[in-house]
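For reference, target10.cif is printed below; it contains mmCIF, N, CA and C atoms.
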```cif
data_query
#
loop_
_atom_site.label_atom_id
_atom_site.label_comp_id
_atom_site.auth_asym_id
_atom_site.auth_seq_id
_atom_site.Cartn_x
_atom_site.Cartn_y
_atom_site.Cartn_z
N MET P 1 152.15 130.48 103.33
CA MET P 1 152.08 131.90 103.11
C MET P 1 151.72 132.59 104.42
N PRO P 2 152.73 133.04 105.14
CA PRO P 2 152.48 133.64 106.45
C PRO P 2 151.51 134.81 106.42
N GLY P 3 151.59 135.69 105.39
CA GLY P 3 150.68 136.84 105.33
C GLY P 3 149.23 136.42 105.21
N LEU P 4 148.97 135.46 104.32
CA LEU P 4 147.60 134.96 104.12
C LEU P 4 147.11 134.21 105.36
N ASP P 5 147.99 133.44 105.98
CA ASP P 5 147.62 132.73 107.21
C ASP P 5 147.21 133.70 108.31
N ASN P 6 147.91 134.83 108.43
CA ASN P 6 147.56 135.83 109.44
C ASN P 6 146.20 136.45 109.14
N VAL P 7 145.93 136.72 107.87
CA VAL P 7 144.64 137.29 107.48
C VAL P 7 143.52 136.30 107.81
N LEU P 8 143.70 135.03 107.44
CA LEU P 8 142.68 134.02 107.71
C LEU P 8 142.46 133.84 109.21
N ALA P 9 143.53 133.90 110.00
CA ALA P 9 143.39 133.80 111.45
C ALA P 9 142.58 134.97 112.00
N SER P 10 142.82 136.17 111.48
CA SER P 10 142.06 137.36 111.91
C SER P 10 140.59 137.23 111.53
N VAL P 11 140.34 136.79 110.30
CA VAL P 11 138.96 136.58 109.85
C VAL P 11 138.29 135.52 110.71
N GLY P 12 139.01 134.44 111.00
CA GLY P 12 138.46 133.37 111.84
C GLY P 12 138.08 133.87 113.22
N ARG P 13 138.93 134.71 113.82
CA ARG P 13 138.60 135.27 115.14
C ARG P 13 137.35 136.14 115.07
N TRP P 14 137.22 136.95 114.00
CA TRP P 14 136.03 137.78 113.84
C TRP P 14 134.78 136.91 113.69
N ILE P 15 134.87 135.86 112.89
CA ILE P 15 133.73 134.95 112.69
C ILE P 15 133.36 134.29 114.02
N ASP P 16 134.36 133.80 114.75
CA ASP P 16 134.09 133.16 116.04
C ASP P 16 133.36 134.09 116.99
N THR P 17 133.75 135.37 116.99
CA THR P 17 133.17 136.35 117.92
C THR P 17 131.80 136.85 117.48
N ASN P 18 131.59 137.02 116.18
CA ASN P 18 130.40 137.70 115.68
C ASN P 18 129.36 136.81 115.01
N LEU P 19 129.74 135.65 114.53
CA LEU P 19 128.78 134.77 113.84
C LEU P 19 128.48 133.48 114.59
N LEU P 20 129.46 132.92 115.24
CA LEU P 20 129.25 131.64 115.92
C LEU P 20 128.80 131.90 117.35
N ILE P 21 127.60 132.46 117.47
CA ILE P 21 127.11 132.94 118.76
C ILE P 21 125.96 132.11 119.33
N ASP P 22 125.58 131.06 118.63
CA ASP P 22 124.59 130.14 119.16
C ASP P 22 125.31 128.86 119.60
N THR P 23 124.60 127.96 120.23
CA THR P 23 125.20 126.70 120.68
C THR P 23 124.60 125.56 119.88
N VAL P 24 125.48 124.78 119.27
CA VAL P 24 125.04 123.63 118.47
C VAL P 24 125.67 122.35 119.02
N ARG P 25 125.04 121.26 118.71
CA ARG P 25 125.54 119.94 119.11
C ARG P 25 125.68 119.08 117.87
N ILE P 26 126.81 118.40 117.76
CA ILE P 26 127.01 117.40 116.71
C ILE P 26 126.98 116.04 117.41
N GLY P 27 126.01 115.22 117.04
CA GLY P 27 125.89 113.89 117.63
C GLY P 27 125.97 112.81 116.56
N ARG P 28 126.51 111.69 116.94
CA ARG P 28 126.59 110.55 116.03
C ARG P 28 125.56 109.53 116.49
N PRO P 29 124.62 109.16 115.60
CA PRO P 29 123.59 108.18 115.99
C PRO P 29 124.23 106.88 116.47
N GLY P 30 123.65 106.34 117.54
CA GLY P 30 124.14 105.07 118.08
C GLY P 30 124.00 103.97 117.05
N GLY P 31 125.02 103.20 116.91
CA GLY P 31 125.00 102.13 115.92
C GLY P 31 124.51 100.83 116.52
N GLY P 32 124.23 99.88 115.67
CA GLY P 32 123.83 98.57 116.14
C GLY P 32 122.33 98.36 116.13
N GLU P 33 121.98 97.19 116.54
CA GLU P 33 120.57 96.78 116.56
C GLU P 33 119.88 97.29 117.81
N PRO P 34 118.56 97.49 117.74
CA PRO P 34 117.82 97.90 118.95
C PRO P 34 117.87 96.79 120.00
N VAL P 35 117.81 97.24 121.25
CA VAL P 35 117.85 96.31 122.38
C VAL P 35 116.56 96.48 123.17
N TYR P 36 115.98 95.37 123.59
CA TYR P 36 114.74 95.41 124.36
C TYR P 36 114.99 96.00 125.74
N ASN P 37 114.18 96.99 126.13
CA ASN P 37 114.25 97.59 127.45
C ASN P 37 113.05 97.11 128.25
N PRO P 38 113.27 96.23 129.24
CA PRO P 38 112.14 95.68 130.00
C PRO P 38 111.38 96.74 130.81
N ASP P 39 112.04 97.87 131.14
CA ASP P 39 111.37 98.92 131.91
C ASP P 39 110.30 99.64 131.09
N THR P 40 110.58 99.83 129.79
CA THR P 40 109.63 100.54 128.94
C THR P 40 108.83 99.58 128.06
N GLY P 41 109.31 98.34 127.92
CA GLY P 41 108.64 97.38 127.04
C GLY P 41 108.87 97.69 125.57
N GLN P 42 109.87 98.51 125.27
CA GLN P 42 110.15 98.93 123.90
C GLN P 42 111.56 98.51 123.49
N ASN P 43 111.73 98.32 122.19
CA ASN P 43 113.08 98.16 121.65
C ASN P 43 113.67 99.55 121.51
N GLU P 44 114.91 99.74 121.96
CA GLU P 44 115.55 101.05 121.92
C GLU P 44 116.91 100.94 121.24
N TYR P 45 117.20 101.92 120.42
CA TYR P 45 118.51 101.97 119.77
C TYR P 45 119.55 102.45 120.76
N PRO P 46 120.80 102.07 120.57
CA PRO P 46 121.86 102.59 121.45
C PRO P 46 121.88 104.11 121.43
N ALA P 47 122.30 104.70 122.53
CA ALA P 47 122.32 106.16 122.65
C ALA P 47 123.29 106.78 121.66
N ASP P 48 122.94 107.99 121.23
CA ASP P 48 123.84 108.75 120.36
C ASP P 48 125.06 109.20 121.18
N SER P 49 126.18 109.38 120.50
CA SER P 49 127.35 109.94 121.18
C SER P 49 127.50 111.39 120.74
N ILE P 50 127.85 112.25 121.68
CA ILE P 50 128.02 113.67 121.40
C ILE P 50 129.47 113.91 121.03
N LEU P 51 129.69 114.44 119.81
CA LEU P 51 131.04 114.72 119.34
C LEU P 51 131.47 116.14 119.67
N TYR P 52 130.49 117.06 119.68
CA TYR P 52 130.80 118.47 119.90
C TYR P 52 129.56 119.16 120.41
N GLU P 53 129.76 120.05 121.37
CA GLU P 53 128.71 120.95 121.80
C GLU P 53 129.37 122.27 122.13
N GLY P 54 129.05 123.29 121.35
CA GLY P 54 129.70 124.58 121.55
C GLY P 54 129.24 125.59 120.53
N PRO P 55 130.02 126.66 120.36
CA PRO P 55 129.64 127.74 119.46
C PRO P 55 129.46 127.26 118.02
N GLY P 56 128.46 127.82 117.37
CA GLY P 56 128.21 127.48 115.98
C GLY P 56 127.05 128.29 115.44
N ALA P 57 126.73 128.04 114.19
CA ALA P 57 125.61 128.71 113.53
C ALA P 57 125.09 127.79 112.44
N VAL P 58 123.79 127.84 112.23
CA VAL P 58 123.17 127.13 111.11
C VAL P 58 122.64 128.19 110.17
N GLN P 59 123.04 128.09 108.92
CA GLN P 59 122.67 129.09 107.91
C GLN P 59 121.85 128.41 106.83
N GLY P 60 120.69 128.97 106.52
CA GLY P 60 119.85 128.44 105.46
C GLY P 60 120.35 128.86 104.10
N GLY P 61 120.02 128.07 103.11
CA GLY P 61 120.36 128.42 101.73
C GLY P 61 119.51 129.59 101.26
N THR P 62 120.01 130.34 100.32
CA THR P 62 119.27 131.50 99.83
C THR P 62 118.82 131.35 98.40
N ALA P 63 119.41 130.46 97.66
CA ALA P 63 119.06 130.30 96.25
C ALA P 63 117.90 129.32 96.09
N GLN P 64 116.95 129.67 95.26
CA GLN P 64 115.80 128.79 95.01
C GLN P 64 116.26 127.46 94.44
N SER P 65 117.38 127.46 93.72
CA SER P 65 117.87 126.23 93.13
C SER P 65 118.40 125.25 94.18
N GLU P 66 118.50 125.68 95.43
CA GLU P 66 119.00 124.80 96.46
C GLU P 66 117.92 123.87 97.01
N MET P 67 116.70 123.98 96.53
CA MET P 67 115.62 123.08 96.92
C MET P 67 115.46 122.03 95.83
N SER P 68 115.32 120.79 96.24
CA SER P 68 115.20 119.71 95.27
C SER P 68 114.14 118.74 95.75
N SER P 69 113.30 118.29 94.83
CA SER P 69 112.29 117.31 95.23
C SER P 69 112.68 115.91 94.76
N VAL P 70 113.91 115.75 94.29
CA VAL P 70 114.38 114.44 93.85
C VAL P 70 114.83 113.66 95.08
N PRO P 71 114.28 112.49 95.31
CA PRO P 71 114.65 111.72 96.50
C PRO P 71 116.05 111.12 96.37
N ASP P 72 116.66 110.85 97.51
CA ASP P 72 117.91 110.10 97.51
C ASP P 72 117.79 108.99 98.54
N ALA P 73 118.81 108.19 98.67
CA ALA P 73 118.74 107.01 99.54
C ALA P 73 118.52 107.36 101.00
N GLY P 74 118.90 108.57 101.42
CA GLY P 74 118.74 108.96 102.82
C GLY P 74 117.37 109.49 103.15
N GLN P 75 116.50 109.65 102.18
CA GLN P 75 115.17 110.19 102.44
C GLN P 75 114.18 109.08 102.72
N MET P 76 113.24 109.39 103.62
CA MET P 76 112.30 108.37 104.05
C MET P 76 111.15 108.16 103.08
N TRP P 77 110.77 109.15 102.32
CA TRP P 77 109.71 108.98 101.34
C TRP P 77 109.92 109.96 100.20
N ILE P 78 109.32 109.67 99.09
CA ILE P 78 109.59 110.43 97.87
C ILE P 78 109.15 111.89 97.97
N GLN P 79 108.14 112.21 98.78
CA GLN P 79 107.66 113.58 98.86
C GLN P 79 108.59 114.48 99.67
N GLU P 80 109.53 113.91 100.39
CA GLU P 80 110.41 114.72 101.21
C GLU P 80 111.37 115.51 100.33
N THR P 81 111.52 116.79 100.61
CA THR P 81 112.44 117.61 99.84
C THR P 81 113.76 117.75 100.57
N ARG P 82 114.78 118.04 99.83
CA ARG P 82 116.07 118.34 100.43
C ARG P 82 116.15 119.84 100.64
N SER P 83 116.42 120.24 101.86
CA SER P 83 116.56 121.66 102.14
C SER P 83 118.00 121.93 102.54
N ARG P 84 118.65 122.75 101.77
CA ARG P 84 120.08 122.99 101.95
C ARG P 84 120.35 123.99 103.07
N TYR P 85 121.16 123.58 104.00
CA TYR P 85 121.62 124.43 105.10
C TYR P 85 123.12 124.22 105.24
N ARG P 86 123.76 125.10 106.01
CA ARG P 86 125.18 124.96 106.30
C ARG P 86 125.38 125.10 107.80
N LEU P 87 126.22 124.25 108.35
CA LEU P 87 126.65 124.38 109.74
C LEU P 87 128.00 125.07 109.72
N LEU P 88 128.12 126.13 110.51
CA LEU P 88 129.39 126.82 110.66
C LEU P 88 129.89 126.55 112.07
N THR P 89 131.11 126.06 112.18
CA THR P 89 131.73 125.81 113.48
C THR P 89 133.17 126.32 113.45
N PRO P 90 133.76 126.54 114.62
CA PRO P 90 135.17 126.97 114.65
C PRO P 90 136.06 125.86 114.07
N LEU P 91 137.23 126.24 113.62
CA LEU P 91 138.17 125.26 113.08
C LEU P 91 138.63 124.27 114.13
N THR P 92 138.48 124.63 115.40
CA THR P 92 138.89 123.73 116.49
C THR P 92 137.84 122.63 116.75
N ALA P 93 136.65 122.79 116.22
CA ALA P 93 135.60 121.77 116.41
C ALA P 93 135.94 120.53 115.59
N PRO P 94 135.49 119.36 116.05
CA PRO P 94 135.77 118.15 115.27
C PRO P 94 135.01 118.14 113.95
N LEU P 95 135.54 117.42 113.00
CA LEU P 95 134.87 117.29 111.70
C LEU P 95 133.61 116.44 111.86
N ALA P 96 132.49 116.95 111.38
CA ALA P 96 131.27 116.15 111.36
C ALA P 96 131.38 115.14 110.22
N SER P 97 130.76 113.99 110.40
CA SER P 97 130.74 112.96 109.36
C SER P 97 129.36 112.91 108.73
N LYS P 98 129.28 112.29 107.57
CA LYS P 98 127.99 112.09 106.91
C LYS P 98 127.05 111.38 107.88
N ASP P 99 125.82 111.83 107.94
CA ASP P 99 124.74 111.28 108.76
C ASP P 99 124.83 111.65 110.24
N ASP P 100 125.81 112.47 110.65
CA ASP P 100 125.78 112.99 112.02
C ASP P 100 124.57 113.91 112.15
N ILE P 101 124.07 114.03 113.36
CA ILE P 101 122.89 114.85 113.64
C ILE P 101 123.33 116.15 114.31
N ILE P 102 122.89 117.27 113.75
CA ILE P 102 123.23 118.58 114.30
C ILE P 102 121.96 119.17 114.89
N THR P 103 122.05 119.63 116.13
CA THR P 103 120.90 120.19 116.84
C THR P 103 121.26 121.54 117.41
N VAL P 104 120.34 122.50 117.32
CA VAL P 104 120.54 123.80 117.96
C VAL P 104 120.15 123.64 119.42
N ILE P 105 121.08 123.96 120.32
CA ILE P 105 120.86 123.80 121.76
C ILE P 105 120.45 125.11 122.42
N ALA P 106 121.06 126.21 122.00
CA ALA P 106 120.74 127.53 122.56
C ALA P 106 120.94 128.58 121.48
N VAL P 107 120.16 129.65 121.57
CA VAL P 107 120.26 130.74 120.61
C VAL P 107 120.55 132.05 121.34
N HIS P 108 121.24 132.94 120.66
CA HIS P 108 121.60 134.22 121.26
C HIS P 108 120.42 135.17 121.36
N ASN P 109 119.42 135.00 120.48
CA ASN P 109 118.28 135.90 120.43
C ASN P 109 117.08 135.22 121.10
N PRO P 110 116.59 135.77 122.21
CA PRO P 110 115.45 135.15 122.89
C PRO P 110 114.20 135.06 122.03
N GLY P 111 114.14 135.82 120.94
CA GLY P 111 113.00 135.77 120.03
C GLY P 111 113.05 134.60 119.08
N ASP P 112 114.18 133.91 119.01
CA ASP P 112 114.33 132.78 118.10
C ASP P 112 114.31 131.43 118.81
N THR P 113 113.61 131.32 119.92
CA THR P 113 113.63 130.07 120.68
C THR P 113 113.01 128.90 119.93
N ALA P 114 112.26 129.17 118.87
CA ALA P 114 111.68 128.08 118.08
C ALA P 114 112.77 127.25 117.41
N LEU P 115 113.97 127.79 117.29
CA LEU P 115 115.08 127.04 116.69
C LEU P 115 115.66 126.00 117.64
N ILE P 116 115.45 126.19 118.94
CA ILE P 116 116.02 125.27 119.91
C ILE P 116 115.39 123.89 119.73
N GLY P 117 116.25 122.90 119.59
CA GLY P 117 115.80 121.52 119.40
C GLY P 117 115.63 121.13 117.94
N ARG P 118 115.69 122.07 117.04
CA ARG P 118 115.59 121.75 115.62
C ARG P 118 116.84 120.99 115.18
N SER P 119 116.66 120.01 114.29
CA SER P 119 117.79 119.15 113.92
C SER P 119 117.98 119.05 112.42
N TRP P 120 119.21 118.81 112.04
CA TRP P 120 119.62 118.61 110.66
C TRP P 120 120.52 117.38 110.60
N ILE P 121 120.67 116.84 109.42
CA ILE P 121 121.57 115.71 109.21
C ILE P 121 122.69 116.15 108.28
N ALA P 122 123.91 115.78 108.61
CA ALA P 122 125.04 116.14 107.76
C ALA P 122 124.94 115.35 106.46
N GLN P 123 124.93 116.06 105.34
CA GLN P 123 124.80 115.41 104.04
C GLN P 123 126.12 114.79 103.60
N ASP P 124 127.19 115.40 103.97
CA ASP P 124 128.53 114.96 103.59
C ASP P 124 129.45 115.26 104.77
N PRO P 125 130.66 114.73 104.73
CA PRO P 125 131.61 115.11 105.78
C PRO P 125 131.85 116.62 105.74
N ALA P 126 132.29 117.17 106.87
CA ALA P 126 132.62 118.59 106.90
C ALA P 126 133.64 118.90 105.83
N ARG P 127 133.47 120.04 105.21
CA ARG P 127 134.42 120.44 104.18
C ARG P 127 135.74 120.83 104.82
N ALA P 128 136.80 120.52 104.16
CA ALA P 128 138.12 120.89 104.65
C ALA P 128 138.92 121.45 103.50
N ALA P 129 139.76 122.41 103.80
CA ALA P 129 140.57 123.04 102.77
C ALA P 129 141.89 123.48 103.40
N THR P 130 142.85 123.78 102.57
CA THR P 130 144.13 124.25 103.09
C THR P 130 144.04 125.69 103.56
N LEU P 131 143.05 126.45 103.09
CA LEU P 131 142.85 127.83 103.51
C LEU P 131 141.43 127.96 104.06
N GLU P 132 141.33 128.08 105.38
CA GLU P 132 140.00 128.14 106.01
C GLU P 132 139.98 129.21 107.09
N ALA P 133 138.79 129.78 107.30
CA ALA P 133 138.56 130.70 108.42
C ALA P 133 137.46 130.16 109.32
N VAL P 134 136.62 129.26 108.79
CA VAL P 134 135.53 128.65 109.54
C VAL P 134 135.25 127.28 108.91
N ARG P 135 134.79 126.33 109.71
CA ARG P 135 134.46 125.01 109.19
C ARG P 135 133.01 125.02 108.69
N ILE P 136 132.78 124.48 107.50
CA ILE P 136 131.45 124.45 106.89
C ILE P 136 131.05 123.00 106.64
N THR P 137 129.85 122.65 107.10
CA THR P 137 129.31 121.30 106.89
C THR P 137 127.96 121.43 106.20
N PRO P 138 127.77 120.78 105.05
CA PRO P 138 126.47 120.83 104.37
C PRO P 138 125.43 120.01 105.14
N LEU P 139 124.23 120.57 105.28
CA LEU P 139 123.17 119.94 106.07
C LEU P 139 121.88 119.81 105.27
N ASP P 140 121.03 118.89 105.72
CA ASP P 140 119.66 118.77 105.23
C ASP P 140 118.77 118.74 106.47
N GLN P 141 117.74 119.54 106.49
CA GLN P 141 116.86 119.58 107.65
C GLN P 141 116.15 118.25 107.81
N ILE P 142 116.06 117.77 109.03
CA ILE P 142 115.33 116.54 109.31
C ILE P 142 113.85 116.89 109.31
N GLN P 143 113.12 116.26 108.40
CA GLN P 143 111.70 116.59 108.19
C GLN P 143 110.79 115.84 109.15
N ALA P 144 111.23 114.71 109.67
CA ALA P 144 110.38 113.91 110.55
C ALA P 144 111.23 113.33 111.67
N ASP P 145 110.59 112.95 112.74
CA ASP P 145 111.27 112.33 113.86
C ASP P 145 111.92 111.03 113.40
N ARG P 146 113.09 110.71 113.93
CA ARG P 146 113.80 109.48 113.54
C ARG P 146 112.98 108.23 113.81
N ASP P 147 112.08 108.29 114.79
CA ASP P 147 111.29 107.11 115.12
C ASP P 147 110.09 106.91 114.22
N THR P 148 109.80 107.90 113.36
CA THR P 148 108.66 107.80 112.46
C THR P 148 108.97 106.82 111.35
N PRO P 149 108.06 105.87 111.08
CA PRO P 149 108.35 104.90 110.00
C PRO P 149 108.35 105.53 108.63
#
```

Could I get this file's structure written as structure tokens?
Amino acid sequence: MPGLDNVLASVGRWIDTNLLIDTVRIGRPGGGEPVYNPDTGQNEYPADSILYEGPGAVQGGTAQSEMSSVPDAGQMWIQETRSRYRLLTPLTAPLASKDDIITVIAVHNPGDTALIGRSWIAQDPARAATLEAVRITPLDQIQADRDTP
């Protein structure tokens, strides 16, 4: 549908210009077993690979029903809650996969610097549809450092 495609392209350009104004990073955790580092005396996991670093936005959920205290297999302890967020990226960005790590690298508002370095985990693969103006990936805020037992 050429008419609808043109409308979605226009909406996508507006979103790219007006909403995707912060810088986000999508990283894939390094796989495999930890390797001993003689310099630090610690076992270290392989480095994460960066899939994307560029324009994006993280949007928090607004409905109270989006909070859940029911644990799932990805949670480290039963008291951890799931906090629903969404990652918005341009359609040209690569699809995030489940368990990819999303980090805010830079923010457009100097008053929001507390967001820099905050991380989320992709709950599911990025959503895809035949009619899109922006890519949406469901996220859960990382409540504790990955190295915390």

Mind telling me what the PyMOL selection byres ((chain P and resi 119-130) around 7) catches here, as an NGL selection string? :P and (95-104 or 115-118 or 131-132 or 135-143)

Neighbours of Pro46 in chain P within 6.5 Å (all atoms listed in the file; same-chain residues fewer than 2 positions away dropped), as a PyMOL selection string? chain P and resi 29-35+44+48

Residues of the last selection are to be written out with N, CA and C atoms, as a PDB file, in the frame of the given file.
```pdb
ATOM      1  N   PRO P  29     124.620 109.160 115.600  1.00  0.00           N
ATOM      2  CA  PRO P  29     123.590 108.180 115.990  1.00  0.00           C
ATOM      3  C   PRO P  29     124.230 106.880 116.470  1.00  0.00           C
ATOM      4  N   GLY P  30     123.650 106.340 117.540  1.00  0.00           N
ATOM      5  CA  GLY P  30     124.140 105.070 118.080  1.00  0.00           C
ATOM      6  C   GLY P  30     124.000 103.970 117.050  1.00  0.00           C
ATOM      7  N   GLY P  31     125.020 103.200 116.910  1.00  0.00           N
ATOM      8  CA  GLY P  31     125.000 102.130 115.920  1.00  0.00           C
ATOM      9  C   GLY P  31     124.510 100.830 116.520  1.00  0.00           C
ATOM     10  N   GLY P  32     124.230  99.880 115.670  1.00  0.00           N
ATOM     11  CA  GLY P  32     123.830  98.570 116.140  1.00  0.00           C
ATOM     12  C   GLY P  32     122.330  98.360 116.130  1.00  0.00           C
ATOM     13  N   GLU P  33     121.980  97.190 116.540  1.00  0.00           N
ATOM     14  CA  GLU P  33     120.570  96.780 116.560  1.00  0.00           C
ATOM     15  C   GLU P  33     119.880  97.290 117.810  1.00  0.00           C
ATOM     16  N   PRO P  34     118.560  97.490 117.740  1.00  0.00           N
ATOM     17  CA  PRO P  34     117.820  97.900 118.950  1.00  0.00           C
ATOM     18  C   PRO P  34     117.870  96.790 120.000  1.00  0.00           C
ATOM     19  N   VAL P  35     117.810  97.240 121.250  1.00  0.00           N
ATOM     20  CA  VAL P  35     117.850  96.310 122.380  1.00  0.00           C
ATOM     21  C   VAL P  35     116.560  96.480 123.170  1.00  0.00           C
ATOM     22  N   GLU P  44     114.910  99.740 121.960  1.00  0.00           N
ATOM     23  CA  GLU P  44     115.550 101.050 121.920  1.00  0.00           C
ATOM     24  C   GLU P  44     116.910 100.940 121.240  1.00  0.00           C
ATOM     25  N   ASP P  48     122.940 107.990 121.230  1.00  0.00           N
ATOM     26  CA  ASP P  48     123.840 108.750 120.360  1.00  0.00           C
ATOM     27  C   ASP P  48     125.060 109.200 121.180  1.00  0.00           C
TER      28      ASP P  48
END
```

Please report the interatomic distance between atom C of Ile105 in chain P and atom N of Leu87 in chain P in Å with one decimal. 15.2 Å

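Between Val107 in chain P and the residues P:Val7, P:Thr23, P:Tyr52, P:Arg28, the shortest atom-to-atom distance, using all atoms listed in the file, involves P:Thr23.
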
Taking all listed atoms of range 15-26 of chain P, build the axis-aligned box, pad each of the six sides by 3 Å, then write its centre and edge lengths in Å to one decimal as lines of an AutoDock Vina configuration file.
```
center_x = 129.7
center_y = 126.9
center_z = 116.7
size_x = 16.3
size_y = 27.7
size_z = 14.0
```

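Reported to one decimal place, the separation of CA of Val11 in chain P from atom N of Asp112 in chain P is 26.6 Å.
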
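Selection result for the displayed file, with the PyMOL selection byres ((chain P and resi 53) around 7) as criterion, is P:Thr23, P:Val24, P:Arg25, P:Ile26, P:Ile50, P:Leu51, P:Tyr52, P:Gly54, P:Pro55.
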
Taking all atoms listed in the file into account, name the residue in P:Tyr85, P:Leu8, P:Pro110, P:Ile21 that is nearest to Gly60 in chain P.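 Ranking P:Tyr85, P:Leu8, P:Pro110, P:Ile21 by distance to Gly60 in chain P, first place goes to P:Tyr85.
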
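Across the model, the gap from atom N of Pro90 in chain P to CA of Gly56 in chain P is 5.8 Å.
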
Proximity to Val134 in chain P - best of P:Leu4, P:Leu20, P:Leu88, P:Ala106, only N, CA and C atoms: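 Looking only at the distances to Val134 in chain P, the closest residue turns out to be P:Leu88.
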
Please complete range 104-116 of chain P with N, CA, C and O atoms and give it back as a PDB file, in the coordinates of the input.
```pdb
ATOM      1  N   VAL P 104     120.340 122.500 117.320  1.00  0.00           N
ATOM      2  CA  VAL P 104     120.540 123.800 117.960  1.00  0.00           C
ATOM      3  C   VAL P 104     120.150 123.640 119.420  1.00  0.00           C
ATOM      4  O   VAL P 104     119.039 123.226 119.743  1.00  0.00           O
ATOM      5  N   ILE P 105     121.080 123.960 120.320  1.00  0.00           N
ATOM      6  CA  ILE P 105     120.860 123.800 121.760  1.00  0.00           C
ATOM      7  C   ILE P 105     120.450 125.110 122.420  1.00  0.00           C
ATOM      8  O   ILE P 105     119.632 125.128 123.318  1.00  0.00           O
ATOM      9  N   ALA P 106     121.060 126.210 122.000  1.00  0.00           N
ATOM     10  CA  ALA P 106     120.740 127.530 122.560  1.00  0.00           C
ATOM     11  C   ALA P 106     120.940 128.580 121.480  1.00  0.00           C
ATOM     12  O   ALA P 106     121.771 128.413 120.593  1.00  0.00           O
ATOM     13  N   VAL P 107     120.160 129.650 121.570  1.00  0.00           N
ATOM     14  CA  VAL P 107     120.260 130.740 120.610  1.00  0.00           C
ATOM     15  C   VAL P 107     120.550 132.050 121.340  1.00  0.00           C
ATOM     16  O   VAL P 107     120.165 132.221 122.489  1.00  0.00           O
ATOM     17  N   HIS P 108     121.240 132.940 120.660  1.00  0.00           N
ATOM     18  CA  HIS P 108     121.600 134.220 121.260  1.00  0.00           C
ATOM     19  C   HIS P 108     120.420 135.170 121.360  1.00  0.00           C
ATOM     20  O   HIS P 108     120.387 136.039 122.213  1.00  0.00           O
ATOM     21  N   ASN P 109     119.420 135.000 120.480  1.00  0.00           N
ATOM     22  CA  ASN P 109     118.280 135.900 120.430  1.00  0.00           C
ATOM     23  C   ASN P 109     117.080 135.220 121.100  1.00  0.00           C
ATOM     24  O   ASN P 109     116.583 134.222 120.607  1.00  0.00           O
ATOM     25  N   PRO P 110     116.590 135.770 122.210  1.00  0.00           N
ATOM     26  CA  PRO P 110     115.450 135.150 122.890  1.00  0.00           C
ATOM     27  C   PRO P 110     114.200 135.060 122.030  1.00  0.00           C
ATOM     28  O   PRO P 110     113.309 134.274 122.295  1.00  0.00           O
ATOM     29  N   GLY P 111     114.140 135.820 120.940  1.00  0.00           N
ATOM     30  CA  GLY P 111     113.000 135.770 120.030  1.00  0.00           C
ATOM     31  C   GLY P 111     113.050 134.600 119.080  1.00  0.00           C
ATOM     32  O   GLY P 111     112.074 134.314 118.380  1.00  0.00           O
ATOM     33  N   ASP P 112     114.180 133.910 119.010  1.00  0.00           N
ATOM     34  CA  ASP P 112     114.330 132.780 118.100  1.00  0.00           C
ATOM     35  C   ASP P 112     114.310 131.430 118.810  1.00  0.00           C
ATOM     36  O   ASP P 112     114.936 130.476 118.352  1.00  0.00           O
ATOM     37  N   THR P 113     113.610 131.320 119.920  1.00  0.00           N
ATOM     38  CA  THR P 113     113.630 130.070 120.680  1.00  0.00           C
ATOM     39  C   THR P 113     113.010 128.900 119.930  1.00  0.00           C
ATOM     40  O   THR P 113     113.221 127.758 120.298  1.00  0.00           O
ATOM     41  N   ALA P 114     112.260 129.170 118.870  1.00  0.00           N
ATOM     42  CA  ALA P 114     111.680 128.080 118.080  1.00  0.00           C
ATOM     43  C   ALA P 114     112.770 127.250 117.410  1.00  0.00           C
ATOM     44  O   ALA P 114     112.522 126.117 117.000  1.00  0.00           O
ATOM     45  N   LEU P 115     113.970 127.790 117.290  1.00  0.00           N
ATOM     46  CA  LEU P 115     115.080 127.040 116.690  1.00  0.00           C
ATOM     47  C   LEU P 115     115.660 126.000 117.640  1.00  0.00           C
ATOM     48  O   LEU P 115     116.302 125.049 117.213  1.00  0.00           O
ATOM     49  N   ILE P 116     115.450 126.190 118.940  1.00  0.00           N
ATOM     50  CA  ILE P 116     116.020 125.270 119.910  1.00  0.00           C
ATOM     51  C   ILE P 116     115.390 123.890 119.730  1.00  0.00           C
ATOM     52  O   ILE P 116     114.175 123.743 119.688  1.00  0.00           O
TER      53      ILE P 116
END
```
